[in-house]
$ cat structure28.txt   # compact mmCIF, C-alpha atoms and all ligand atoms
# COMPACT_ATOMS: atom_id res chain seq x y z
CA MET I 1 -188.24 154.55 52.22
CA SER I 2 -190.69 152.41 54.14
CA LEU I 3 -191.96 149.29 52.45
CA LEU I 4 -195.21 149.43 54.43
CA ARG I 5 -196.74 152.52 55.91
CA VAL I 6 -199.93 152.20 57.95
CA SER I 7 -201.67 155.44 58.86
CA GLU I 8 -204.41 155.87 61.43
CA LEU I 9 -205.79 152.38 61.07
CA SER I 10 -208.91 151.76 63.14
CA VAL I 11 -210.93 148.57 63.38
CA ARG I 12 -214.10 147.95 65.36
CA PHE I 13 -216.00 144.79 66.11
CA GLY I 14 -219.54 145.98 66.81
CA THR I 15 -219.16 148.45 69.63
CA THR I 16 -215.63 147.27 70.54
CA VAL I 17 -212.86 149.45 69.21
CA ALA I 18 -210.10 146.86 68.74
CA LEU I 19 -207.66 149.22 67.03
CA ARG I 20 -207.55 152.99 67.25
CA ASP I 21 -205.53 155.20 64.90
CA VAL I 22 -202.58 152.87 64.58
CA THR I 23 -199.73 154.39 62.59
CA LEU I 24 -196.56 152.46 61.91
CA GLU I 25 -193.86 151.88 59.33
CA VAL I 26 -191.95 148.81 58.21
CA PRO I 27 -188.67 149.25 56.36
CA ALA I 28 -187.79 147.01 53.40
CA GLY I 29 -185.67 143.93 53.95
CA ARG I 30 -185.58 144.05 57.75
CA THR I 31 -187.44 142.44 60.62
CA THR I 32 -189.53 144.87 62.65
CA GLY I 33 -191.22 143.87 65.89
CA VAL I 34 -194.65 144.56 67.35
CA LEU I 35 -194.91 143.80 71.05
CA GLY I 36 -198.13 143.63 73.00
CA ALA I 37 -199.96 141.55 75.57
CA ASN I 38 -202.94 139.30 74.87
CA GLY I 39 -205.83 141.32 73.52
CA ALA I 40 -203.67 144.33 72.65
CA GLY I 41 -204.90 144.25 69.06
CA LYS I 42 -201.90 142.66 67.35
CA THR I 43 -203.82 140.11 65.29
CA THR I 44 -206.50 142.65 64.45
CA MET I 45 -203.79 144.99 63.17
CA LEU I 46 -202.37 142.34 60.82
CA LEU I 47 -205.83 141.35 59.60
CA GLY I 48 -206.72 145.02 59.13
CA ILE I 49 -203.57 145.66 57.08
CA LEU I 50 -204.44 142.74 54.82
CA GLY I 51 -208.13 143.65 54.62
CA VAL I 52 -209.25 140.36 56.18
CA VAL I 53 -211.27 142.38 58.68
CA PRO I 54 -212.90 145.61 57.48
CA ARG I 55 -211.09 148.82 58.35
CA GLN I 56 -213.16 151.57 59.89
CA SER I 57 -210.54 154.02 58.71
CA GLY I 58 -206.90 154.05 57.74
CA ARG I 59 -204.53 154.19 54.87
CA ILE I 60 -202.17 151.42 53.76
CA GLU I 61 -199.20 152.29 51.55
CA PHE I 62 -197.00 149.56 50.13
CA ASP I 63 -193.83 150.27 48.19
CA GLY I 64 -194.84 153.93 47.99
CA VAL I 65 -198.29 153.22 46.54
CA ASP I 66 -201.64 153.71 48.26
CA VAL I 67 -203.11 150.20 48.29
CA SER I 68 -205.97 150.91 50.71
CA GLY I 69 -208.50 150.05 48.01
CA LEU I 70 -207.12 146.58 47.26
CA ASN I 71 -208.70 143.41 48.61
CA THR I 72 -206.82 140.63 50.40
CA VAL I 73 -206.15 138.56 47.27
CA GLN I 74 -204.77 141.61 45.49
CA LEU I 75 -202.58 142.52 48.48
CA VAL I 76 -201.11 139.01 48.52
CA LYS I 77 -200.45 139.29 44.78
CA ILE I 78 -198.46 142.50 45.18
CA GLY I 79 -196.27 140.92 47.83
CA ILE I 80 -197.81 140.86 51.31
CA ALA I 81 -198.20 137.46 52.99
CA LEU I 82 -199.64 136.48 56.35
CA CYS I 83 -198.44 133.62 58.51
CA PRO I 84 -201.41 133.44 60.87
CA GLU I 85 -201.68 132.97 64.59
CA ASN I 86 -201.77 129.27 65.60
CA ARG I 87 -200.20 128.29 62.25
CA ARG I 88 -203.51 127.15 60.70
CA LEU I 89 -202.11 124.14 58.87
CA PHE I 90 -204.32 121.37 57.59
CA PRO I 91 -203.18 118.53 59.88
CA ASN I 92 -204.62 115.77 57.69
CA MET I 93 -202.93 117.02 54.55
CA THR I 94 -199.31 116.37 53.60
CA ILE I 95 -196.56 118.95 53.94
CA ASP I 96 -196.55 119.11 50.13
CA ASP I 97 -200.23 119.99 49.93
CA ASN I 98 -200.09 122.46 52.81
CA LEU I 99 -197.26 124.30 51.08
CA LEU I 100 -199.01 124.28 47.71
CA LEU I 101 -201.93 126.15 49.29
CA GLY I 102 -199.56 129.08 49.77
CA ALA I 103 -199.32 129.56 46.02
CA TYR I 104 -202.88 128.50 45.23
CA GLY I 105 -204.29 129.93 42.02
CA ARG I 106 -200.93 130.83 40.46
CA GLY I 107 -201.06 127.98 37.95
CA ARG I 108 -199.59 124.53 38.22
CA SER I 109 -196.10 125.25 36.87
CA ILE I 110 -195.55 128.30 39.09
CA GLU I 111 -196.82 126.35 42.10
CA ARG I 112 -194.31 123.56 41.42
CA ARG I 113 -191.46 126.00 40.88
CA ARG I 114 -192.18 127.82 44.14
CA LEU I 115 -192.40 124.47 45.92
CA ASP I 116 -188.95 123.49 44.60
CA GLU I 117 -187.53 126.82 45.81
CA VAL I 118 -189.02 126.38 49.27
CA TYR I 119 -187.66 122.83 49.48
CA GLU I 120 -184.25 124.09 48.49
CA ARG I 121 -184.42 126.45 51.46
CA PHE I 122 -185.77 123.74 53.81
CA PRO I 123 -184.32 120.39 52.68
CA TRP I 124 -185.66 118.48 55.70
CA LEU I 125 -189.18 119.44 54.61
CA HIS I 126 -188.51 117.89 51.22
CA GLU I 127 -187.48 114.63 52.86
CA ARG I 128 -190.74 114.56 54.79
CA ARG I 129 -192.96 116.06 52.11
CA HIS I 130 -195.44 113.16 52.02
CA GLU I 131 -195.98 113.14 55.79
CA LEU I 132 -199.12 114.59 57.30
CA ALA I 133 -198.52 118.05 58.74
CA GLY I 134 -200.31 117.04 61.94
CA ARG I 135 -197.56 114.50 62.67
CA LEU I 136 -194.90 117.19 63.00
CA SER I 137 -193.87 118.84 66.27
CA GLY I 138 -195.21 122.31 67.02
CA GLY I 139 -191.92 123.93 66.01
CA GLN I 140 -191.80 122.01 62.75
CA GLN I 141 -195.40 122.95 62.03
CA GLN I 142 -194.51 126.60 62.57
CA ILE I 143 -191.71 126.27 60.03
CA VAL I 144 -194.15 124.70 57.54
CA ALA I 145 -196.51 127.63 58.15
CA ILE I 146 -193.70 130.12 57.49
CA ALA I 147 -192.61 128.15 54.41
CA ARG I 148 -196.21 128.16 53.16
CA SER I 149 -196.37 131.94 53.43
CA LEU I 150 -193.09 132.20 51.49
CA MET I 151 -194.73 130.29 48.60
CA SER I 152 -196.26 133.56 47.38
CA GLN I 153 -192.77 135.14 47.27
CA PRO I 154 -193.73 138.05 49.50
CA LYS I 155 -191.75 141.25 49.89
CA LEU I 156 -193.35 141.55 53.31
CA LEU I 157 -194.27 138.74 55.66
CA LEU I 158 -196.77 139.49 58.43
CA LEU I 159 -195.98 136.96 61.12
CA ASP I 160 -198.40 136.46 64.02
CA GLU I 161 -196.84 135.08 67.23
CA PRO I 162 -194.70 132.30 65.77
CA SER I 163 -193.26 131.42 69.21
CA SER I 164 -196.66 130.75 70.75
CA GLY I 165 -196.78 127.42 72.58
CA LEU I 166 -193.25 126.40 71.59
CA SER I 167 -190.29 125.27 73.70
CA PRO I 168 -187.19 127.48 73.98
CA VAL I 169 -185.32 125.08 71.67
CA ALA I 170 -188.06 125.28 69.03
CA ILE I 171 -188.16 129.08 69.37
CA ASN I 172 -184.43 129.18 68.63
CA GLU I 173 -185.05 127.15 65.48
CA ILE I 174 -187.76 129.59 64.42
CA ALA I 175 -185.32 132.46 65.05
CA ASP I 176 -182.78 130.77 62.74
CA VAL I 177 -185.41 130.39 60.02
CA LEU I 178 -186.39 134.04 60.36
CA ARG I 179 -182.74 135.11 60.06
CA GLN I 180 -182.60 133.23 56.77
CA VAL I 181 -185.81 134.90 55.62
CA ALA I 182 -184.30 138.29 56.43
CA ALA I 183 -181.04 137.37 54.69
CA ASP I 184 -183.07 136.66 51.55
CA GLY I 185 -184.27 140.25 51.67
CA THR I 186 -187.86 139.64 52.80
CA ALA I 187 -189.16 142.23 55.25
CA VAL I 188 -190.95 140.79 58.26
CA LEU I 189 -193.42 142.41 60.62
CA LEU I 190 -193.03 140.14 63.64
CA VAL I 191 -195.91 140.29 66.11
CA GLU I 192 -194.91 138.72 69.40
CA GLN I 193 -195.36 138.57 73.16
CA ASN I 194 -191.91 137.02 73.43
CA VAL I 195 -189.66 139.99 74.05
CA LYS I 196 -186.49 137.91 73.76
CA LEU I 197 -187.35 136.78 70.24
CA VAL I 198 -188.03 140.34 69.13
CA GLN I 199 -184.82 141.42 70.81
CA SER I 200 -182.80 138.80 68.94
CA LEU I 201 -184.28 139.55 65.50
CA CYS I 202 -185.33 143.20 65.37
CA ASP I 203 -183.56 146.54 65.53
CA THR I 204 -186.80 148.43 65.84
CA ALA I 205 -190.11 147.61 67.46
CA TRP I 206 -193.54 149.07 68.09
CA VAL I 207 -195.47 148.58 71.28
CA LEU I 208 -199.21 148.05 71.09
CA ALA I 209 -201.54 148.22 74.11
CA HIS I 210 -205.32 148.51 74.22
CA GLY I 211 -205.47 148.88 70.45
CA GLN I 212 -203.07 151.80 70.29
CA VAL I 213 -199.40 152.35 69.56
CA LYS I 214 -197.82 153.28 72.88
CA ASP I 215 -194.20 153.51 71.88
CA HIS I 216 -191.70 152.68 69.17
CA GLY I 217 -187.99 152.89 68.61
CA PRO I 218 -184.80 150.87 68.80
CA VAL I 219 -185.48 147.64 70.69
CA THR I 220 -182.53 148.23 73.01
CA GLU I 221 -183.96 151.58 74.05
CA LEU I 222 -187.49 150.26 74.50
CA LEU I 223 -186.24 147.49 76.76
CA ALA I 224 -183.59 149.46 78.60
CA GLY I 225 -186.19 151.83 79.99
CA LEU I 226 -188.59 148.96 80.55
CA ARG I 227 -190.98 151.11 78.62
CA VAL I 228 -192.44 147.91 77.18
CA ALA I 229 -193.37 146.66 80.63
CA ASP I 230 -194.98 149.99 81.43
CA ALA I 231 -197.06 149.79 78.30
CA TYR I 232 -198.51 146.51 79.50
CA PHE I 233 -200.09 148.56 82.29
CA GLY I 234 -199.41 145.76 84.72
CA GLY I 235 -202.02 143.75 82.83
CA LEU I 236 -200.41 140.42 82.10
CA PRO I 237 -197.14 139.47 83.73
CA LEU I 238 -194.44 138.73 81.20
CA THR I 239 -193.29 135.13 81.38
CA ASN I 240 -189.69 134.21 82.14
CA GLU I 241 -189.39 133.31 78.50
CA SER I 242 -190.20 136.82 77.43
CA ALA I 243 -189.00 138.82 80.40
CA PRO I 244 -187.29 141.97 79.26
CA VAL I 245 -183.60 142.13 79.94
CA GLN I 246 -182.82 144.47 82.82
CA ALA I 247 -180.83 147.51 81.89
N1 LIG B 301 -213.76 138.85 65.54
C1 LIG B 301 -213.82 139.57 66.67
N2 LIG B 301 -215.02 139.96 67.17
C2 LIG B 301 -215.09 140.72 68.29
N3 LIG B 301 -214.02 141.14 68.98
C3 LIG B 301 -212.82 140.78 68.56
C4 LIG B 301 -212.64 139.97 67.38
N4 LIG B 301 -211.31 139.77 67.17
C5 LIG B 301 -210.70 140.41 68.19
N5 LIG B 301 -211.58 141.01 69.01
C6 LIG B 301 -211.26 141.83 70.20
O1 LIG B 301 -210.32 142.81 69.79
C7 LIG B 301 -209.32 142.99 70.78
C8 LIG B 301 -207.96 142.71 70.18
O2 LIG B 301 -207.84 141.33 69.87
P1 LIG B 301 -206.61 140.71 69.10
O3 LIG B 301 -206.32 141.54 67.92
O4 LIG B 301 -206.91 139.28 68.87
O5 LIG B 301 -205.42 140.89 70.16
P2 LIG B 301 -204.01 140.17 70.23
O6 LIG B 301 -203.73 139.53 68.91
O7 LIG B 301 -203.06 141.28 70.55
O8 LIG B 301 -204.07 139.18 71.34
C9 LIG B 301 -209.67 142.06 71.93
O9 LIG B 301 -210.40 142.79 72.87
C10 LIG B 301 -210.55 141.02 71.27
O10 LIG B 301 -211.45 140.45 72.17
MG MG B 302 -203.31 137.59 68.41
$ encode --input "structure28.txt" --output "structure tokens"
Amino acid sequence: MSLLRVSELSVRFGTTVALRDVTLEVPAGRTTGVLGANGAGKTTMLLGILGVVPRQSGRIEFDGVDVSGLNTVQLVKIGIALCPENRRLFPNMTIDDNLLLGAYGRGRSIERRRLDEVYERFPWLHERRHELAGRLSGGQQQIVAIARSLMSQPKLLLLDEPSSGLSPVAINEIADVLRQVAADGTAVLLVEQNVKLVQSLCDTAWVLAHGQVKDHGPVTELLAGLRVADAYFGGLPLTNESAPVQA
């Protein structure tokens, strides 16, 4: 059974239709990709799922239950977390305090317990816990952002372009972290422009273009036919970093 099922989700900003009738499924405990160029509607889709932006229409089912009526705070409580685009850390706050924000409102003892668990998973973060987040490299900041979203112990992590602006070495580190997250049984919906990262972490992916789902299926099949590239409609060239592997 799917952990998350999104049906006919549409979002508009004024007269702009940013997302039109998007339907997709995310299985439990696995990492599923969403590929799309800049402006395809990827971020809007994640924000629409979590109710951060109002949905014009659409149904969200989580763990077999219709949760379309829940607000963002309630959706986080039942196990959906967002690791936002551009990481959104507080650079002048310590790693400790940035992480604690991920469990904000749960009560002091739960916050501390979750923090200990996250530090167990990322020991180097514990060593540097009193450092300001802004002092870390981009890749390290991305790991803090992922760790912060794990503080709410999600069943599903919505992850918005974690590779953005990072070096290939840092992207490999992020991939390792995400393999650990998957090994712990957390499902991930990985939104990316970096085809290689999706290829290395996901069996299945969805392709979004102009606010609509254009394709989905096994990643190998999507890439083999270069159907992903087609779905970009020649809009933005894929970078070397994310160039699809030739069949
Ligand atoms: N808050 C907003 N107000 C108006 N238009 C927006 C807003 N957010 C996104 N859009 C528009 O919606 C479309 C999809 O954007 P976005 O979801 O950010 O794409 P992606 O994350 O794939 O780059 C774009 O045309 C963008 O300009
Ligand atoms: Mg985006």
$ atom_distance --input "structure28.txt" --atom1 "CA of Arg135 in chain I" --atom2 "CA of Phe90 in chain I"
10.9 Å
$ residues_around --input "structure28.txt" --residues "Ser10 in chain I" --least-positions-apart "2" --cutoff "8 Å" --atoms "all atoms listed in the file" --output "NGL selection string"
:I and (8 or 12 or 17-22 or 55-58)
$ closest_atom_pairs --input "structure28.txt" --of "chain I" --to "ligand MG 302 (chain B)" --cutoff "8 Å" --atoms "all atoms listed in the file" --output "tab-separated table"
residue	atom	partner	partner_atom	distance
I:Asn38	CA	B:MG302	MG	6.7
I:Gly39	CA	B:MG302	MG	6.8
I:Ala40	CA	B:MG302	MG	8.0
I:Gly41	CA	B:MG302	MG	6.9
I:Lys42	CA	B:MG302	MG	5.4
I:Thr43	CA	B:MG302	MG	4.0
I:Thr44	CA	B:MG302	MG	7.2
I:Glu85	CA	B:MG302	MG	6.2
I:Asp160	CA	B:MG302	MG	6.7
I:Glu161	CA	B:MG302	MG	7.0
$ write_last_selection --input "structure28.txt" --atoms "C-alpha atoms" --output "PDB file, in the frame of the given file"
ATOM      1  CA  ASN I  38    -202.940 139.300  74.870  1.00  0.00           C
ATOM      2  CA  GLY I  39    -205.830 141.320  73.520  1.00  0.00           C
ATOM      3  CA  ALA I  40    -203.670 144.330  72.650  1.00  0.00           C
ATOM      4  CA  GLY I  41    -204.900 144.250  69.060  1.00  0.00           C
ATOM      5  CA  LYS I  42    -201.900 142.660  67.350  1.00  0.00           C
ATOM      6  CA  THR I  43    -203.820 140.110  65.290  1.00  0.00           C
ATOM      7  CA  THR I  44    -206.500 142.650  64.450  1.00  0.00           C
ATOM      8  CA  GLU I  85    -201.680 132.970  64.590  1.00  0.00           C
ATOM      9  CA  ASP I 160    -198.400 136.460  64.020  1.00  0.00           C
ATOM     10  CA  GLU I 161    -196.840 135.080  67.230  1.00  0.00           C
TER      11      GLU I 161
END
$ residues_near_point --input "structure28.txt" --point "(-194.9, 128.7, 54.1)" --cutoff "12 Å" --atoms "all atoms listed in the file" --output "VMD selection string"
chain I and resid 81 to 84 87 to 89 95 to 104 114 to 115 117 to 119 121 to 122 125 140 to 154 157 to 159 177 to 178 181
$ write_last_selection --input "structure28.txt" --atoms "C-alpha atoms" --output "mmCIF file, in the coordinates of the input"
data_model
loop_
_atom_site.group_PDB
_atom_site.id
_atom_site.type_symbol
_atom_site.label_atom_id
_atom_site.label_comp_id
_atom_site.auth_asym_id
_atom_site.auth_seq_id
_atom_site.Cartn_x
_atom_site.Cartn_y
_atom_site.Cartn_z
ATOM 1 C CA ALA I 81 -198.200 137.460 52.990
ATOM 2 C CA LEU I 82 -199.640 136.480 56.350
ATOM 3 C CA CYS I 83 -198.440 133.620 58.510
ATOM 4 C CA PRO I 84 -201.410 133.440 60.870
ATOM 5 C CA ARG I 87 -200.200 128.290 62.250
ATOM 6 C CA ARG I 88 -203.510 127.150 60.700
ATOM 7 C CA LEU I 89 -202.110 124.140 58.870
ATOM 8 C CA ILE I 95 -196.560 118.950 53.940
ATOM 9 C CA ASP I 96 -196.550 119.110 50.130
ATOM 10 C CA ASP I 97 -200.230 119.990 49.930
ATOM 11 C CA ASN I 98 -200.090 122.460 52.810
ATOM 12 C CA LEU I 99 -197.260 124.300 51.080
ATOM 13 C CA LEU I 100 -199.010 124.280 47.710
ATOM 14 C CA LEU I 101 -201.930 126.150 49.290
ATOM 15 C CA GLY I 102 -199.560 129.080 49.770
ATOM 16 C CA ALA I 103 -199.320 129.560 46.020
ATOM 17 C CA TYR I 104 -202.880 128.500 45.230
ATOM 18 C CA ARG I 114 -192.180 127.820 44.140
ATOM 19 C CA LEU I 115 -192.400 124.470 45.920
ATOM 20 C CA GLU I 117 -187.530 126.820 45.810
ATOM 21 C CA VAL I 118 -189.020 126.380 49.270
ATOM 22 C CA TYR I 119 -187.660 122.830 49.480
ATOM 23 C CA ARG I 121 -184.420 126.450 51.460
ATOM 24 C CA PHE I 122 -185.770 123.740 53.810
ATOM 25 C CA LEU I 125 -189.180 119.440 54.610
ATOM 26 C CA GLN I 140 -191.800 122.010 62.750
ATOM 27 C CA GLN I 141 -195.400 122.950 62.030
ATOM 28 C CA GLN I 142 -194.510 126.600 62.570
ATOM 29 C CA ILE I 143 -191.710 126.270 60.030
ATOM 30 C CA VAL I 144 -194.150 124.700 57.540
ATOM 31 C CA ALA I 145 -196.510 127.630 58.150
ATOM 32 C CA ILE I 146 -193.700 130.120 57.490
ATOM 33 C CA ALA I 147 -192.610 128.150 54.410
ATOM 34 C CA ARG I 148 -196.210 128.160 53.160
ATOM 35 C CA SER I 149 -196.370 131.940 53.430
ATOM 36 C CA LEU I 150 -193.090 132.200 51.490
ATOM 37 C CA MET I 151 -194.730 130.290 48.600
ATOM 38 C CA SER I 152 -196.260 133.560 47.380
ATOM 39 C CA GLN I 153 -192.770 135.140 47.270
ATOM 40 C CA PRO I 154 -193.730 138.050 49.500
ATOM 41 C CA LEU I 157 -194.270 138.740 55.660
ATOM 42 C CA LEU I 158 -196.770 139.490 58.430
ATOM 43 C CA LEU I 159 -195.980 136.960 61.120
ATOM 44 C CA VAL I 177 -185.410 130.390 60.020
ATOM 45 C CA LEU I 178 -186.390 134.040 60.360
ATOM 46 C CA VAL I 181 -185.810 134.900 55.620
#
$ atom_distance --input "structure28.txt" --atom1 "CA of Arg112 in chain I" --atom2 "CA of Glu127 in chain I"
16.0 Å
$ atom_distance --input "structure28.txt" --atom1 "CA of Lys214 in chain I" --atom2 "CA of Thr16 in chain I"
18.9 Å
$ residues_around --input "structure28.txt" --residues "Val169 in chain I" --least-positions-apart "2" --cutoff "12 Å" --atoms "all atoms listed in the file" --output "number ranges by chain"
I: 137-140, 163, 165-167, 171-176, 197, 241
$ axis_aligned_box --input "structure28.txt" --around "ligand LIG 301 (chain B)" --padding-each-side "8 Å" --output "JSON"
{"center_x": -209.1, "center_y": 140.9, "center_z": 69.2, "size_x": 28.0, "size_y": 20.1, "size_z": 23.3}
$ closest_residue --input "structure28.txt" --among "I:Met1, I:Leu9, I:Leu35, I:Met93" --to "Val65 in chain I" --atoms "only C-alpha atoms"
I:Met1
$ closest_residue --input "structure28.txt" --among "I:Thr94, I:Thr220, I:Ser2, I:Ser7" --to "Cys202 in chain I" --atoms "only C-alpha atoms"
I:Thr220
$ closest_residue --input "structure28.txt" --among "I:Trp206, I:Val191, I:Leu4, I:Pro218" --to "Asp66 in chain I" --atoms "all atoms listed in the file"
I:Leu4
$ residues_around --input "structure28.txt" --residues "Asp63 in chain I" --least-positions-apart "2" --cutoff "12 Å" --atoms "all atoms listed in the file" --output "VMD selection string"
chain I and resid 1 to 6 25 to 29 60 to 61 65 to 67 75 78 to 80 155 to 156 187
$ closest_residue --input "structure28.txt" --among "I:Gln180, I:Val73, I:Arg129, I:Val53" --to "ligand LIG 301 (chain B)" --atoms "all atoms listed in the file"
I:Val53
$ closest_residue --input "structure28.txt" --among "I:Asn71, I:Asn86, I:Thr186, I:Thr31" --to "ligand LIG 301 (chain B)" --atoms "only C-alpha atoms and all ligand atoms"
I:Asn86
